[in-house]
$ cat structure.cif   # mmCIF, C-alpha atoms
data_model
loop_
_atom_site.label_atom_id
_atom_site.label_comp_id
_atom_site.auth_asym_id
_atom_site.auth_seq_id
_atom_site.Cartn_x
_atom_site.Cartn_y
_atom_site.Cartn_z
CA MET A 1 -28.17 -8.48 30.58
CA SER A 2 -24.78 -9.21 32.17
CA ARG A 3 -21.80 -6.94 31.85
CA SER A 4 -19.89 -9.56 29.82
CA SER A 5 -22.77 -9.82 27.33
CA ARG A 6 -22.90 -6.06 26.91
CA GLY A 7 -19.14 -6.00 26.46
CA SER A 8 -19.29 -8.69 23.79
CA GLU A 9 -22.02 -6.83 21.90
CA ARG A 10 -19.95 -3.67 22.07
CA VAL A 11 -16.91 -5.47 20.63
CA TRP A 12 -18.93 -6.82 17.69
CA LEU A 13 -20.51 -3.41 17.10
CA ASP A 14 -17.09 -1.75 17.04
CA ALA A 15 -15.85 -4.38 14.59
CA LEU A 16 -18.89 -3.89 12.36
CA VAL A 17 -18.33 -0.13 12.31
CA ALA A 18 -14.67 -0.62 11.36
CA VAL A 19 -15.54 -3.03 8.54
CA LEU A 20 -18.33 -0.89 7.13
CA ALA A 21 -16.19 2.25 7.32
CA GLY A 22 -13.26 0.53 5.61
CA PHE A 23 -15.31 -0.84 2.72
CA VAL A 24 -17.26 2.40 2.30
CA ALA A 25 -13.97 4.32 2.06
CA MET A 26 -12.58 1.91 -0.53
CA THR A 27 -15.81 1.90 -2.54
CA VAL A 28 -16.03 5.69 -2.65
CA VAL A 29 -12.39 6.13 -3.70
CA ALA A 30 -12.60 3.32 -6.27
CA ALA A 31 -15.85 4.65 -7.75
CA ALA A 32 -14.49 8.20 -7.97
CA GLY A 33 -11.31 6.99 -9.65
CA LEU A 34 -13.19 4.84 -12.15
CA VAL A 35 -15.55 7.71 -12.99
CA CYS A 36 -12.53 9.89 -13.75
CA ALA A 37 -11.17 7.05 -15.90
CA GLY A 38 -14.45 6.89 -17.86
CA ALA A 39 -15.57 3.50 -16.59
CA ASP A 40 -19.01 4.85 -15.72
CA GLY A 41 -19.80 4.66 -19.42
CA LEU A 42 -19.35 0.89 -19.67
CA PRO A 43 -22.36 -0.89 -21.19
CA GLY A 44 -24.68 -3.39 -19.59
CA GLY A 45 -24.62 -2.02 -16.06
CA ALA A 46 -21.00 -3.03 -15.70
CA PHE A 47 -19.84 -0.08 -13.59
CA PRO A 48 -20.82 -1.37 -10.10
CA HIS A 49 -19.24 -4.75 -10.91
CA VAL A 50 -16.02 -3.03 -11.91
CA VAL A 51 -16.06 -1.01 -8.68
CA ALA A 52 -16.49 -4.24 -6.71
CA ALA A 53 -13.58 -5.82 -8.59
CA VAL A 54 -11.31 -2.85 -7.81
CA VAL A 55 -12.27 -3.03 -4.14
CA VAL A 56 -11.52 -6.77 -4.13
CA LEU A 57 -8.09 -6.12 -5.64
CA ALA A 58 -7.46 -3.31 -3.16
CA ALA A 59 -8.37 -5.54 -0.21
CA GLY A 60 -5.79 -8.11 -1.22
CA GLY A 61 -8.02 -10.27 -3.40
CA SER A 62 -7.46 -11.62 -6.89
CA VAL A 63 -9.50 -11.39 -10.08
CA ASP A 64 -9.34 -13.85 -12.98
CA VAL A 65 -9.72 -12.56 -16.53
CA THR A 66 -11.17 -14.77 -19.30
CA GLY A 67 -12.28 -14.21 -22.86
CA GLY A 68 -12.96 -15.58 -26.30
CA ALA A 69 -14.87 -15.22 -29.56
CA GLY A 70 -16.51 -18.56 -30.09
CA PHE A 71 -14.49 -20.80 -32.44
CA LEU A 72 -13.06 -17.78 -34.26
CA ALA A 73 -10.68 -16.39 -31.71
CA GLY A 74 -9.38 -16.67 -28.22
CA ALA A 75 -8.53 -14.01 -25.71
CA GLN A 76 -5.66 -14.40 -23.31
CA ALA A 77 -5.50 -11.98 -20.43
CA GLY A 78 -3.84 -11.74 -17.06
CA LEU A 79 -3.75 -8.97 -14.49
CA SER A 80 -1.80 -8.62 -11.28
CA VAL A 81 -1.98 -5.11 -9.87
CA MET A 82 -3.12 -3.57 -6.61
CA PRO A 83 -4.79 -0.11 -6.64
CA LEU A 84 -2.92 1.16 -3.62
CA SER A 85 -4.80 4.45 -3.28
CA VAL A 86 -7.95 2.43 -2.63
CA SER A 87 -6.04 0.06 -0.35
CA LEU A 88 -4.60 2.93 1.66
CA ALA A 89 -8.02 4.53 2.14
CA GLY A 90 -9.48 1.29 3.46
CA ALA A 91 -6.51 0.49 5.66
CA LEU A 92 -6.36 3.91 7.32
CA THR A 93 -10.10 3.99 7.94
CA ALA A 94 -10.34 0.45 9.31
CA ALA A 95 -7.24 0.91 11.49
CA PHE A 96 -8.57 4.15 12.97
CA CYS A 97 -11.92 2.57 13.84
CA PHE A 98 -10.20 -0.53 15.25
CA LEU A 99 -7.86 1.47 17.50
CA ARG A 100 -10.32 4.07 18.74
CA PRO A 101 -12.02 1.88 21.40
CA LEU A 102 -8.58 0.79 22.68
CA ARG A 103 -7.08 4.24 23.19
CA HIS A 104 -7.85 4.42 26.94
CA HIS A 105 -6.09 1.14 27.82
CA ALA A 106 -2.36 1.16 28.54
CA VAL A 107 -1.97 -2.63 28.74
CA ALA A 108 -4.13 -5.40 27.36
CA GLY A 109 -3.63 -9.13 27.55
CA PRO A 110 -3.34 -11.31 24.43
CA ARG A 111 -6.86 -12.64 24.95
CA ARG A 112 -8.33 -9.14 25.03
CA LEU A 113 -6.55 -8.13 21.84
CA LEU A 114 -7.59 -11.39 20.18
CA ALA A 115 -11.19 -10.82 21.26
CA ARG A 116 -11.02 -7.40 19.60
CA ALA A 117 -9.31 -8.55 16.40
CA ALA A 118 -11.24 -11.78 15.75
CA PRO A 119 -14.67 -10.16 15.11
CA LEU A 120 -13.03 -7.58 12.85
CA VAL A 121 -11.28 -10.26 10.78
CA LEU A 122 -14.40 -12.43 10.54
CA LEU A 123 -16.69 -9.58 9.48
CA TRP A 124 -14.07 -8.29 7.07
CA LEU A 125 -13.89 -11.65 5.31
CA LEU A 126 -17.69 -11.84 5.12
CA ALA A 127 -17.84 -8.39 3.51
CA LEU A 128 -15.01 -9.31 1.16
CA THR A 129 -16.90 -12.45 0.14
CA ALA A 130 -19.96 -10.37 -0.76
CA PHE A 131 -17.85 -8.02 -2.88
CA ALA A 132 -16.08 -10.94 -4.55
CA LEU A 133 -19.38 -12.59 -5.50
CA PHE A 134 -20.55 -9.32 -7.05
CA ALA A 135 -17.25 -8.68 -8.87
CA ARG A 136 -18.02 -10.50 -12.15
CA HIS A 137 -19.00 -9.28 -15.58
CA THR A 138 -18.33 -9.80 -19.29
CA PHE A 139 -17.37 -7.12 -21.82
CA GLY A 140 -17.59 -7.00 -25.56
CA ILE A 141 -14.37 -5.89 -27.27
CA SER A 142 -14.29 -3.40 -30.08
CA THR A 143 -11.95 -4.84 -32.73
CA GLY A 144 -12.19 -2.00 -35.24
CA ASP A 145 -10.98 -2.86 -38.73
CA SER A 146 -9.03 -5.97 -37.71
CA PRO A 147 -9.69 -9.34 -39.41
CA ILE A 148 -11.57 -10.53 -36.31
CA GLY A 149 -13.82 -7.48 -36.47
CA GLU A 150 -14.80 -8.13 -40.07
CA ILE A 151 -15.39 -11.87 -39.62
CA SER A 152 -17.16 -11.54 -36.26
CA GLU A 153 -19.67 -9.12 -37.74
CA LEU A 154 -20.63 -11.76 -40.32
CA LEU A 155 -20.86 -14.62 -37.83
CA ASP A 156 -22.09 -12.60 -34.84
CA SER A 157 -19.30 -13.80 -32.58
CA ALA A 158 -17.62 -10.65 -31.30
CA PRO A 159 -14.70 -11.13 -28.90
CA THR A 160 -15.46 -10.76 -25.23
CA VAL A 161 -13.41 -10.47 -22.09
CA GLY A 162 -14.86 -11.09 -18.65
CA PHE A 163 -13.59 -10.94 -15.11
CA GLU A 164 -14.49 -12.86 -11.99
CA ALA A 165 -13.06 -12.74 -8.50
CA ALA A 166 -11.27 -15.93 -7.50
CA LEU A 167 -12.99 -16.58 -4.18
CA PRO A 168 -10.50 -18.96 -2.45
CA GLY A 169 -7.50 -16.84 -3.37
CA THR A 170 -9.37 -13.67 -2.48
CA LEU A 171 -10.25 -14.91 1.01
CA PHE A 172 -6.72 -16.15 1.70
CA LEU A 173 -5.00 -12.98 0.51
CA GLY A 174 -7.72 -10.83 2.09
CA LEU A 175 -7.07 -12.57 5.42
CA LEU A 176 -3.38 -11.71 5.18
CA TRP A 177 -4.31 -8.13 4.25
CA ILE A 178 -6.57 -7.45 7.23
CA LEU A 179 -4.20 -9.21 9.64
CA GLY A 180 -1.42 -6.97 8.33
CA VAL A 181 -3.57 -3.88 8.89
CA VAL A 182 -4.31 -4.93 12.49
CA LEU A 183 -0.67 -5.72 13.22
CA VAL A 184 0.70 -2.50 11.73
CA SER A 185 -1.92 -0.39 13.51
CA LEU A 186 -0.95 -1.91 16.86
CA LEU A 187 2.75 -1.37 16.13
CA VAL A 188 2.36 2.23 15.01
CA SER A 189 -0.09 3.64 17.52
CA ARG A 190 1.48 4.92 20.73
CA ARG A 191 -1.89 4.75 22.52
CA ALA A 192 -2.79 1.19 21.53
CA PRO A 193 -2.34 -1.28 24.40
CA LEU A 194 0.18 -4.09 24.31
CA PRO A 195 0.43 -7.29 26.36
CA ALA A 196 2.52 -6.70 29.47
CA ARG A 197 5.30 -8.99 28.22
CA LEU A 198 5.72 -6.91 25.07
CA VAL A 199 5.79 -3.46 26.68
CA ARG A 200 9.57 -3.65 27.04
CA PHE A 201 9.88 -3.78 23.24
CA HIS A 202 8.08 -0.43 22.91
CA ASP A 203 11.22 1.63 22.30
CA ALA A 204 12.62 -0.85 19.80
CA VAL A 205 9.54 -1.21 17.63
CA ARG A 206 6.92 1.51 17.85
CA PRO A 207 8.97 4.67 17.11
CA ALA A 208 10.60 3.01 14.09
CA ALA A 209 7.30 1.62 12.83
CA PHE A 210 5.61 5.01 13.20
CA ALA A 211 8.47 6.79 11.39
CA VAL A 212 8.37 4.38 8.43
CA VAL A 213 4.59 4.61 8.09
CA ALA A 214 4.82 8.42 8.29
CA LEU A 215 7.49 8.31 5.58
CA LEU A 216 5.28 6.27 3.23
CA LEU A 217 2.27 8.50 3.91
CA ALA A 218 4.41 11.58 3.21
CA TYR A 219 5.33 10.13 -0.19
CA ALA A 220 1.65 9.43 -0.91
CA ALA A 221 0.71 12.98 0.13
CA LEU A 222 3.39 14.46 -2.13
CA GLY A 223 2.02 12.37 -4.97
CA VAL A 224 -1.50 13.67 -4.38
CA VAL A 225 -0.28 17.28 -4.37
CA ALA A 226 1.77 16.73 -7.53
CA GLY A 227 -1.19 15.06 -9.22
CA LEU A 228 -3.52 17.93 -8.37
CA VAL A 229 -1.00 20.45 -9.69
CA VAL A 230 -0.61 18.49 -12.93
CA ALA A 231 -4.39 18.18 -13.31
CA ALA A 232 -4.83 21.91 -12.83
CA THR A 233 -2.01 23.12 -15.05
CA GLN A 234 -1.25 20.57 -17.78
CA GLY A 235 -4.65 19.33 -18.96
CA HIS A 236 -5.98 15.75 -19.01
CA ALA A 237 -7.45 16.44 -15.59
CA ARG A 238 -9.78 13.41 -15.53
CA GLU A 239 -7.02 10.97 -16.41
CA THR A 240 -4.66 12.48 -13.86
CA LEU A 241 -7.30 12.41 -11.11
CA ALA A 242 -8.00 8.76 -11.98
CA VAL A 243 -4.35 7.96 -11.30
CA VAL A 244 -4.45 9.94 -8.05
CA LEU A 245 -7.57 8.14 -6.82
CA LEU A 246 -6.50 4.66 -7.88
CA GLY A 247 -2.74 4.39 -7.85
CA VAL A 248 -0.75 7.27 -6.35
CA PRO A 249 1.20 5.02 -3.93
CA ASN A 250 2.00 2.67 -6.81
CA LEU A 251 4.02 5.50 -8.35
CA THR A 252 5.28 7.37 -5.30
CA TRP A 253 6.43 4.29 -3.40
CA LEU A 254 8.23 3.19 -6.57
CA ALA A 255 9.89 6.63 -6.56
CA PHE A 256 10.77 6.13 -2.90
CA THR A 257 12.66 2.89 -3.61
CA LEU A 258 14.45 4.46 -6.56
CA GLY A 259 15.47 7.45 -4.44
CA PHE A 260 17.67 5.43 -2.08
CA GLY A 261 19.22 3.38 -4.91
CA GLY A 262 16.73 0.56 -5.47
CA ALA A 263 15.88 -0.82 -8.89
CA TRP A 264 13.02 -2.42 -10.78
CA GLN A 265 12.90 -4.42 -13.96
CA GLY A 266 10.24 -4.51 -16.63
CA ARG A 267 9.00 -3.98 -20.14
CA VAL A 268 6.04 -2.40 -21.91
CA GLU A 269 4.97 -3.93 -25.21
CA GLY A 270 2.05 -3.07 -27.46
CA PRO A 271 -0.41 -0.17 -27.52
CA PHE A 272 -1.33 -0.56 -23.86
CA GLY A 273 0.71 0.74 -20.98
CA LEU A 274 0.65 1.87 -17.40
CA PRO A 275 -0.67 5.22 -16.13
CA MET A 276 2.89 6.30 -15.54
CA PRO A 277 5.10 9.30 -16.27
CA ARG A 278 6.29 9.44 -19.86
CA VAL A 279 9.92 9.06 -18.82
CA LEU A 280 9.22 5.72 -17.15
CA ASP A 281 7.26 4.47 -20.15
CA ASP A 282 10.17 5.43 -22.44
CA VAL A 283 12.63 3.45 -20.31
CA LEU A 284 10.42 0.35 -20.35
CA ARG A 285 9.65 0.34 -24.10
CA THR A 286 12.67 -1.66 -25.24
CA PRO A 287 13.07 -5.01 -27.01
CA ASP A 288 14.35 -6.66 -23.83
CA LEU A 289 13.76 -6.26 -20.13
CA SER A 290 14.88 -2.86 -18.87
CA THR A 291 16.32 -1.99 -15.50
CA VAL A 292 14.63 1.02 -13.96
CA ASP A 293 16.74 3.07 -11.56
CA VAL A 294 17.59 6.72 -11.12
CA GLY A 295 20.40 6.45 -13.64
CA SER A 296 18.24 5.02 -16.43
CA LEU A 297 15.53 7.61 -15.76
CA ALA A 298 18.07 10.44 -15.67
CA ARG A 299 19.32 9.48 -19.14
CA GLN A 300 15.82 10.32 -20.37
CA ASP A 301 15.21 13.29 -18.05
CA ALA A 302 17.82 14.81 -15.73
CA ARG A 303 15.09 15.86 -13.30
CA ALA A 304 15.01 12.24 -12.10
CA TRP A 305 17.90 13.09 -9.78
CA TRP A 306 15.38 15.00 -7.65
CA LEU A 307 14.18 11.57 -6.48
CA VAL A 308 17.46 11.21 -4.60
CA ALA A 309 17.16 14.64 -2.96
CA VAL A 310 13.57 13.96 -1.85
CA ALA A 311 14.53 10.54 -0.48
CA VAL A 312 17.44 11.98 1.51
CA ALA A 313 15.28 14.72 3.03
CA LEU A 314 12.39 12.43 3.97
CA LEU A 315 14.65 9.66 5.29
CA LEU A 316 16.42 12.15 7.56
CA GLY A 317 13.02 13.40 8.67
CA ALA A 318 11.97 9.84 9.47
CA GLY A 319 15.16 9.29 11.48
CA PHE A 320 14.60 12.49 13.42
CA LEU A 321 10.95 11.64 14.06
CA MET A 322 11.86 8.20 15.34
CA ALA A 323 14.51 9.61 17.66
CA VAL A 324 12.27 12.25 19.27
CA ARG A 325 9.55 9.65 19.86
CA SER A 326 12.01 7.27 21.52
CA SER A 327 13.30 7.20 25.03
CA ALA A 328 16.46 9.25 25.60
CA ARG A 329 18.10 6.02 26.79
CA VAL A 330 18.24 4.64 23.22
CA ARG A 331 21.72 4.98 21.68
CA PRO A 332 22.35 6.25 18.12
CA TRP A 333 23.53 2.83 16.95
CA GLN A 334 20.30 1.35 18.26
CA HIS A 335 18.31 3.94 16.32
CA ALA A 336 20.27 2.92 13.22
CA LEU A 337 19.45 -0.74 13.77
CA HIS A 338 15.78 -0.13 14.49
CA LEU A 339 15.14 2.12 11.49
CA GLY A 340 17.25 -0.02 9.17
CA VAL A 341 15.29 -3.17 9.95
CA ALA A 342 11.94 -1.35 9.84
CA LEU A 343 12.70 0.28 6.49
CA ALA A 344 13.93 -2.99 4.98
CA LEU A 345 10.73 -4.80 6.02
CA ALA A 346 8.55 -1.95 4.77
CA THR A 347 10.43 -1.88 1.46
CA LEU A 348 9.92 -5.62 1.02
CA VAL A 349 6.17 -5.21 1.56
CA VAL A 350 6.01 -2.19 -0.78
CA CYS A 351 7.86 -4.10 -3.50
CA LEU A 352 5.51 -7.06 -3.21
CA LEU A 353 2.42 -4.81 -3.33
CA ALA A 354 3.46 -2.36 -6.04
CA GLY A 355 4.61 -4.80 -8.70
CA VAL A 356 2.58 -4.98 -11.92
CA GLU A 357 2.09 -7.75 -14.46
CA ALA A 358 -0.55 -7.48 -17.17
CA ARG A 359 -1.06 -9.23 -20.51
CA PHE A 360 -3.80 -9.09 -23.10
CA GLY A 361 -3.96 -10.66 -26.54
CA LEU A 362 -6.38 -11.91 -29.19
CA SER A 363 -5.53 -14.82 -31.48
CA LEU A 364 -7.32 -15.58 -34.75
CA LEU A 365 -8.28 -19.25 -35.03
CA GLY A 366 -5.61 -20.00 -32.46
CA ILE A 367 -2.79 -18.64 -34.66
CA GLY A 368 -0.83 -15.69 -33.30
CA ASP A 369 -1.94 -12.41 -31.80
CA VAL A 370 -3.96 -9.88 -33.79
CA ASP A 371 -1.82 -6.82 -34.50
CA GLY A 372 -2.70 -3.83 -32.37
CA LEU A 373 -4.82 -5.78 -29.88
CA GLY A 374 -2.12 -7.41 -27.79
CA GLY A 375 0.11 -6.00 -25.13
CA LYS A 376 2.26 -6.81 -22.12
CA VAL A 377 3.19 -4.72 -19.15
CA ARG A 378 5.63 -5.88 -16.52
CA LEU A 379 7.28 -3.99 -13.69
CA LEU A 380 8.76 -6.01 -10.83
CA PRO A 381 11.31 -5.13 -8.13
CA LEU A 382 14.88 -6.34 -7.98
CA LEU A 383 14.64 -7.44 -4.35
CA GLY A 384 18.28 -8.51 -4.07
CA ARG A 385 19.35 -4.92 -4.65
CA THR A 386 16.49 -2.87 -3.25
CA VAL A 387 15.95 -4.49 0.17
CA PRO A 388 19.63 -4.47 1.28
CA LEU A 389 19.93 -0.83 0.18
CA ALA A 390 16.82 -0.04 2.22
CA LEU A 391 18.50 -1.61 5.26
CA LEU A 392 21.60 0.52 4.68
CA ALA A 393 19.65 3.72 4.00
CA GLY A 394 17.49 3.20 7.08
CA ALA A 395 20.54 2.59 9.26
CA VAL A 396 22.27 5.76 8.06
CA ALA A 397 19.09 7.81 8.43
CA GLY A 398 18.46 6.40 11.90
CA PHE A 399 21.97 7.25 13.08
CA LEU A 400 21.97 10.77 11.61
CA GLY A 401 18.42 11.37 12.82
CA ALA A 402 19.49 10.49 16.35
CA LEU A 403 22.33 13.00 16.16
CA LEU A 404 20.01 15.71 14.85
CA ALA A 405 17.53 14.97 17.64
CA ALA A 406 20.17 14.98 20.38
CA PRO A 407 19.46 18.58 21.52
CA VAL A 408 15.75 17.83 21.82
CA ARG A 409 16.42 14.64 23.75
CA ARG A 410 18.83 16.42 26.11
CA ARG A 411 16.19 19.05 26.81
CA ASP A 412 13.67 16.31 27.56
CA ARG A 413 16.15 14.62 29.88
CA LYS A 414 16.57 17.86 31.84
CA ASP A 415 12.79 18.07 32.18
CA GLY A 416 12.70 14.53 33.58
CA THR A 417 10.51 13.13 30.79
CA ASP A 418 10.96 11.66 27.34
CA ARG A 419 8.91 12.13 24.22
CA THR A 420 6.78 9.15 25.08
CA GLY A 421 5.44 11.10 28.04
CA ARG A 422 6.93 8.71 30.59
CA ALA A 423 9.16 9.75 33.46
CA GLU A 424 12.81 8.86 33.08
CA PRO A 425 14.05 6.36 35.67
CA VAL A 426 16.12 7.84 38.49
CA PRO A 427 19.50 6.14 39.12
CA PRO A 428 19.69 4.31 42.49
CA ALA A 429 22.40 6.65 43.75
CA GLN A 430 20.05 9.65 43.42
CA ARG A 431 17.04 8.05 45.10
CA HIS A 432 16.14 9.23 48.60
#

$ encode --input "structure.cif" --output "structure tokens"
Amino acid sequence: MSRSSRGSERVWLDALVAVLAGFVAMTVVAAAGLVCAGADGLPGGAFPHVVAAVVVLAAGGSVDVTGGAGFLAGAQAGLSVMPLSVSLAGALTAAFCFLRPLRHHAVAGPRRLLARAAPLVLLWLLALTAFALFARHTFGISTGDSPIGEISELLDSAPTVGFEAALPGTLFLGLLWILGVVLVSLLVSRRAPLPARLVRFHDAVRPAAFAVVALLLAYAALGVVAGLVVAATQGHARETLAVVLLGVPNLTWLAFTLGFGGAWQGRVEGPFGLPMPRVLDDVLRTPDLSTVDVGSLARQDARAWWLVAVAVALLLGAGFLMAVRSSARVRPWQHALHLGVALALATLVVCLLAGVEARFGLSLLGIGDVDGLGGKVRLLPLLGRTVPLALLAGAVAGFLGALLAAPVRRRDRKDGTDRTGRAEPVPPAQRH
């Protein structure tokens, strides 16, 4: 067997390992979260189908919800939510496995990187297709003492709601998801190779990208710790762990945007809601759309101002981290620009991923919703306010972080190296 053939087999094997590891991580986290939420008790062997549906949603896919009760009633349902804890588990695992074989190469041409990424993307979409085909099931709905419940018992036409992954949309959005994971992993990792033409952009992109990703992971880690403390001290441990395993970043990244002045808009109507803190639910339960920001939360609970303090501390930490990982040649205003742009882009992505829209209702003979069985949940970002403030906050944090890191950078300059491990260039006048 030729060396090129062995190399090709190795590339496909590495891609297969990354795909399997990513989907195993998502499946385990999703299953654990659903067990804590009580979904393992669903009838008719529904649990594995629900796990598959959650994995599909986490991998960027979409799931259609349908329902009805024969000619008696109709069910209208819609769901747009991404379980970001599951997404994060899959992304970190797949990215680690993708980058590991590349860690010993300083430079790689575009063809080499494409040859590494293409098998990963193809196998990922094949695995996502298998999960999407399995992610379908139909549930019977308990209507209690409602008019539909009484009539359906007589006519044996109980309401049902089913779900089914939308395959074309799932593959398209899943493609964007895995391409985003590959791109971000290459931008963040200092050891991942870049094409020779892009090496000069190292100082402008990689330290800022790493700092922003570290910032988001720090928020997720704080959310996990807070969730574990709540589960251990305040009861409802299973429900709290379900939120931790399925949607911690949905809450903590929302808190992150609120901390630097961002805002969201939404409303909760009906008996259903989001697995959210009580203060947020109170703000959203109004007759009209409510604006969610630190001020509106603080009117319900003054402790909401801690979101600002946490954001300031972690943003300064991100600015400092970016500065110490950058070359000492980079000026403070350049740090401000780099972190501002990186944080604005990351905030845009977070806002698009963390938004929630859900609706469920039952209508009797096509006339109105049955009381107590309908509900709407909506929580979407105000991008025109949140993204510009992210740009401003990132710029301020980048500038101040550079000033805080100045003593470290001066010490590195005296040693003749920077934090990237590369030797500083010697001015022509000092060369011998």

$ resolve_selection --input "structure.cif" --expression "the PyMOL selection byres ((chain A and resi 214) around 10)" --output "PyMOL selection string"
chain A and resi 188+208-213+215-220+314+317-318+321-322

$ atom_distance --input "structure.cif" --atom1 "CA of Leu222 (chain A)" --atom2 "CA of Met26 (chain A)"
20.4 Å

$ atom_distance --input "structure.cif" --atom1 "CA of Pro332 (chain A)" --atom2 "CA of Ala204 (chain A)"
12.2 Å

$ resolve_selection --input "structure.cif" --expression "the PyMOL selection byres ((chain A and resi 173) around 12)" --output "PyMOL selection string"
chain A and resi 56-63+82+125+128-129+166-172+174-180+353

$ residues_near_point --input "structure.cif" --point "(3.1, -7.6, -9.3)" --cutoff "9 Å" --atoms "all atoms listed in the file" --output "PDB file with C-alpha atoms, in the frame of the given file"
ATOM      1  CA  LEU A  79      -3.750  -8.970 -14.490  1.00  0.00           C
ATOM      2  CA  SER A  80      -1.800  -8.620 -11.280  1.00  0.00           C
ATOM      3  CA  VAL A  81      -1.980  -5.110  -9.870  1.00  0.00           C
ATOM      4  CA  MET A  82      -3.120  -3.570  -6.610  1.00  0.00           C
ATOM      5  CA  CYS A 351       7.860  -4.100  -3.500  1.00  0.00           C
ATOM      6  CA  LEU A 352       5.510  -7.060  -3.210  1.00  0.00           C
ATOM      7  CA  LEU A 353       2.420  -4.810  -3.330  1.00  0.00           C
ATOM      8  CA  ALA A 354       3.460  -2.360  -6.040  1.00  0.00           C
ATOM      9  CA  GLY A 355       4.610  -4.800  -8.700  1.00  0.00           C
ATOM     10  CA  VAL A 356       2.580  -4.980 -11.920  1.00  0.00           C
ATOM     11  CA  GLU A 357       2.090  -7.750 -14.460  1.00  0.00           C
ATOM     12  CA  ALA A 358      -0.550  -7.480 -17.170  1.00  0.00           C
ATOM     13  CA  ARG A 378       5.630  -5.880 -16.520  1.00  0.00           C
ATOM     14  CA  LEU A 379       7.280  -3.990 -13.690  1.00  0.00           C
ATOM     15  CA  LEU A 380       8.760  -6.010 -10.830  1.00  0.00           C
ATOM     16  CA  PRO A 381      11.310  -5.130  -8.130  1.00  0.00           C
TER      17      PRO A 381
END

$ residues_near_point --input "structure.cif" --point "(-17.1, -3.3, -16.7)" --cutoff "8 Å" --atoms "only C-alpha atoms" --output "compact mmCIF listing (two decimals) with C-alpha atoms, in the frame of the given file"
# COMPACT_ATOMS: atom_id res chain seq x y z
CA ALA A 39 -15.57 3.50 -16.59
CA LEU A 42 -19.35 0.89 -19.67
CA PRO A 43 -22.36 -0.89 -21.19
CA GLY A 45 -24.62 -2.02 -16.06
CA ALA A 46 -21.00 -3.03 -15.70
CA PHE A 47 -19.84 -0.08 -13.59
CA PRO A 48 -20.82 -1.37 -10.10
CA HIS A 49 -19.24 -4.75 -10.91
CA VAL A 50 -16.02 -3.03 -11.91
CA HIS A 137 -19.00 -9.28 -15.58
CA THR A 138 -18.33 -9.80 -19.29
CA PHE A 139 -17.37 -7.12 -21.82

$ closest_residue --input "structure.cif" --among "A:Val349, A:Val377, A:Ala30, A:Leu122" --to "Arg285 (chain A)" --atoms "all atoms listed in the file"
A:Val377

$ atom_distance --input "structure.cif" --atom1 "CA of Leu254 (chain A)" --atom2 "CA of Asp282 (chain A)"
16.1 Å

$ closest_residue --input "structure.cif" --among "A:Ala397, A:Val229, A:Ala342, A:Ala32" --to "Arg206 (chain A)" --atoms "all atoms listed in the file"
A:Ala342

$ resolve_selection --input "structure.cif" --expression "the PyMOL selection byres ((chain A and resi 264-268) around 8)" --output "list in words"
Gly262, Ala263, Glu269, Gly270, Phe272, Gly273, Asp281, Leu284, Arg285, Thr286, Asp288, Leu289, Ser290, Thr291, Val292, Asp293, Gly375, Lys376, Val377, Arg378, Leu379, Leu380, Pro381 and Leu382 of chain A

$ write_last_selection --input "structure.cif" --atoms "C-alpha atoms" --output "tab-separated table (two decimals), keeping the file's coordinate frame"
chain	number	residue	atom	x	y	z
A	262	GLY	CA	16.73	0.56	-5.47
A	263	ALA	CA	15.88	-0.82	-8.89
A	269	GLU	CA	4.97	-3.93	-25.21
A	270	GLY	CA	2.05	-3.07	-27.46
A	272	PHE	CA	-1.33	-0.56	-23.86
A	273	GLY	CA	0.71	0.74	-20.98
A	281	ASP	CA	7.26	4.47	-20.15
A	284	LEU	CA	10.42	0.35	-20.35
A	285	ARG	CA	9.65	0.34	-24.10
A	286	THR	CA	12.67	-1.66	-25.24
A	288	ASP	CA	14.35	-6.66	-23.83
A	289	LEU	CA	13.76	-6.26	-20.13
A	290	SER	CA	14.88	-2.86	-18.87
A	291	THR	CA	16.32	-1.99	-15.50
A	292	VAL	CA	14.63	1.02	-13.96
A	293	ASP	CA	16.74	3.07	-11.56
A	375	GLY	CA	0.11	-6.00	-25.13
A	376	LYS	CA	2.26	-6.81	-22.12
A	377	VAL	CA	3.19	-4.72	-19.15
A	378	ARG	CA	5.63	-5.88	-16.52
A	379	LEU	CA	7.28	-3.99	-13.69
A	380	LEU	CA	8.76	-6.01	-10.83
A	381	PRO	CA	11.31	-5.13	-8.13
A	382	LEU	CA	14.88	-6.34	-7.98

$ closest_residue --input "structure.cif" --among "A:Leu337, A:Val182, A:Leu113, A:Leu246" --to "Val35 (chain A)" --atoms "only C-alpha atoms"
A:Leu246

$ closest_residue --input "structure.cif" --among "A:Ala304, A:Ala192, A:Ala242, A:Leu251" --to "Val279 (chain A)" --atoms "all atoms listed in the file"
A:Ala304

$ closest_residue --input "structure.cif" --among "A:Val248, A:Val205, A:Val225, A:Ala309" --to "Gln334 (chain A)" --atoms "only C-alpha atoms"
A:Val205

$ closest_residue --input "structure.cif" --among "A:Val244, A:Ala395, A:Ala94, A:Leu126" --to "Val17 (chain A)" --atoms "all atoms listed in the file"
A:Ala94

$ residues_around --input "structure.cif" --residues "Asp64 (chain A)" --least-positions-apart "5" --cutoff "7 Å" --atoms "all atoms listed in the file" --output "NGL selection string"
:A and (163-166)

$ write_last_selection --input "structure.cif" --atoms "C-alpha atoms" --output "CSV table (one decimal), keeping the file's coordinate frame"
chain,number,residue,atom,x,y,z
A,163,PHE,CA,-13.6,-10.9,-15.1
A,164,GLU,CA,-14.5,-12.9,-12.0
A,165,ALA,CA,-13.1,-12.7,-8.5
A,166,ALA,CA,-11.3,-15.9,-7.5
